[in-house]
Structures are given as C-alpha cells and as structure tokens.
Amino acid sequence: MSQITIFVACLVLIAGPAAAQSKGVIQKADDKWSETFNKGDATALAAMYTEDAYMLPPGAEMMKGRHAIAVFWGQQMQQIGDVKCTALDVKPLGRNAPPQDGALKYAVVWEKVGREWELLQDIWNTNK
C-alpha cells in the first residue's frame with residue numbers, strides 16, 4: 001500500500017439531537033473511520049455506515065448499501081494509505097434547520113443509530 005497521506009477538510013453534516021452535534025464527537029467518529037481504513041478492514045469500515053447508506057465517489061457509479069461500500073473501500077485500500085479526516089465544521093441538519101451552504105471537498109452525514117454514530121452518506125470531490 002502506498003504511503004500517501006490524505007488530509008481531508010470536511011464540512012460534516014449530521015442529523016440528531018443538538019447536544020450530540022459537537023465537533024469533538026464527530027472528530028472521534030472520523031478518527032475511528034480513518035483508523036479502520038488504515039488497518040485495511042473494509043468489512044469493519046462498511047459496518048460504520050447505515051444499512052441504507054450510499055456514497056457518490058468521483059468517476060464511479062453510486063454505491064448503495066454496506067456490501068457495495070465494503071467492495072469499493074477494499075479496492076481503495078489497495079491503492080492508498082495513511083488517511084486522516086479532519087472535521088472543520090459541524091452543521092446540524094433536520095426538519096427545522098435552515099439549508100447550509102458551503103464549498104466542500106468532502107462531506108459526510110453521520111446518523112445516530114442507537115448509541116452509535118454510523119455513516120449515512122459519503123461524497124467527495126477533487127479540485128479537478
């Protein structure tokens with residue numbers, strides 16, 4: 001695996017109780033995601049996503065569901081390593097929240113399922 005370090009600037013969009021919408025909580029989830037990716041465990045990484053999660057990777061079809069997400073990340077793990085995600089901002093989403101605008105490089109939606117935060121949506125784009 002190549003030793004490419006990726007620092008991803010994230011605008012993290014989450015749904016759930018306002019008290020749980022702290023940057024620290026989301027950063028811990030991002031850290032767990034990065035650690036799991038860097039270990040090369042695509043199945044464990046996909047388990048961090050909700051059952052109905054989808055991803056919109058650049059240059060590829062939409063990935064829907066944990067199995068497709070595991071296959072995609074398993075292939076990516078063969079090409080890149082030392083991934084680190086950094087949450088720059090956390091904005092609440094919900095029925096009463098106003099729309100949020102922003103220039104994004106990477107955006108995820110974390111959803112609280114029971115006591116755990118799981119990824120619901122995952123999209124990223126390059127400067128190209």
# chains A, B, ... in the order shown; residues from 1 in each chain; ligands from 1
call {"tool": "residues_around", "arguments": {"residues": "Gln27 of chain A", "least_positions_apart": "2", "cutoff": "9 Å", "atoms": "only C-alpha atoms", "output": "NGL selection string"}}
result
:A and (22-25 or 29-32 or 85-88)
call {"tool": "residues_around", "arguments": {"residues": "Ala46 of chain A", "least_positions_apart": "5", "cutoff": "10 Å", "atoms": "only C-alpha atoms", "output": "PyMOL selection string"}}
result
chain A and resi 33+36-37+41+51+53+65-74+118-119
call {"tool": "select_by_dssp", "arguments": {"residues": "segment 15-68 of chain A", "states": "strand (DSSP E)", "output": "MDAnalysis selection string"}}
result
chainID A and resid 15 49:56 63:64
call {"tool": "write_last_selection", "arguments": {"atoms": "N, CA and C atoms", "output": "compact mmCIF listing (two decimals), in the first residue's frame"}}
result
# COMPACT_ATOMS: atom_id res chain seq x y z
N ALA A 15 -27.37 14.67 11.47
CA ALA A 15 -28.74 14.75 11.94
C ALA A 15 -28.80 14.14 13.33
N TYR A 49 -21.21 2.37 8.38
CA TYR A 49 -22.25 3.00 7.57
C TYR A 49 -23.61 2.41 7.93
N THR A 50 -24.67 3.18 7.76
CA THR A 50 -26.01 2.65 7.98
C THR A 50 -26.33 1.62 6.91
N GLU A 51 -27.31 0.78 7.18
CA GLU A 51 -27.71 -0.26 6.21
C GLU A 51 -28.08 0.33 4.86
N ASP A 52 -28.70 1.51 4.87
CA ASP A 52 -29.17 2.12 3.62
C ASP A 52 -28.25 3.26 3.14
N ALA A 53 -27.03 3.27 3.61
CA ALA A 53 -26.08 4.33 3.24
C ALA A 53 -25.76 4.28 1.75
N TYR A 54 -25.37 5.43 1.24
CA TYR A 54 -24.88 5.47 -0.13
C TYR A 54 -23.69 6.42 -0.22
N MET A 55 -22.84 6.17 -1.22
CA MET A 55 -21.67 7.00 -1.48
C MET A 55 -21.72 7.45 -2.93
N LEU A 56 -21.17 8.62 -3.18
CA LEU A 56 -21.10 9.17 -4.53
C LEU A 56 -19.64 9.49 -4.86
N MET A 63 -22.61 4.05 -4.93
CA MET A 63 -22.51 2.82 -4.15
C MET A 63 -23.63 2.86 -3.12
N LYS A 64 -24.45 1.80 -3.05
CA LYS A 64 -25.56 1.77 -2.11
C LYS A 64 -25.50 0.50 -1.28
call {"tool": "atom_distance", "arguments": {"atom1": "atom CA of Lys112 of chain A", "atom2": "atom CA of Asp82 of chain A"}}
result
26.4 Å
call {"tool": "residues_around", "arguments": {"residues": "Pro57 of chain A", "least_positions_apart": "3", "cutoff": "9 Å", "atoms": "only C-alpha atoms", "output": "ChimeraX atom specification"}}
result
/A:60-63,122-125
call {"tool": "closest_residue", "arguments": {"among": "A:Tyr106, A:Ile26, A:Gly59, A:Met77", "to": "Thr43 of chain A", "atoms": "only C-alpha atoms"}}
result
A:Met77
call {"tool": "select_by_dssp", "arguments": {"residues": "segment 24-119 of chain A", "states": "alpha helix (DSSP H)", "output": "JSON, numbers by chain"}}
result
{"A": [24, 25, 26, 27, 28, 29, 30, 31, 32, 33, 34, 35, 36, 37, 38, 39, 42, 43, 44, 45, 46, 66, 67, 68, 69, 70, 71, 72, 73, 74, 75, 76, 77]}
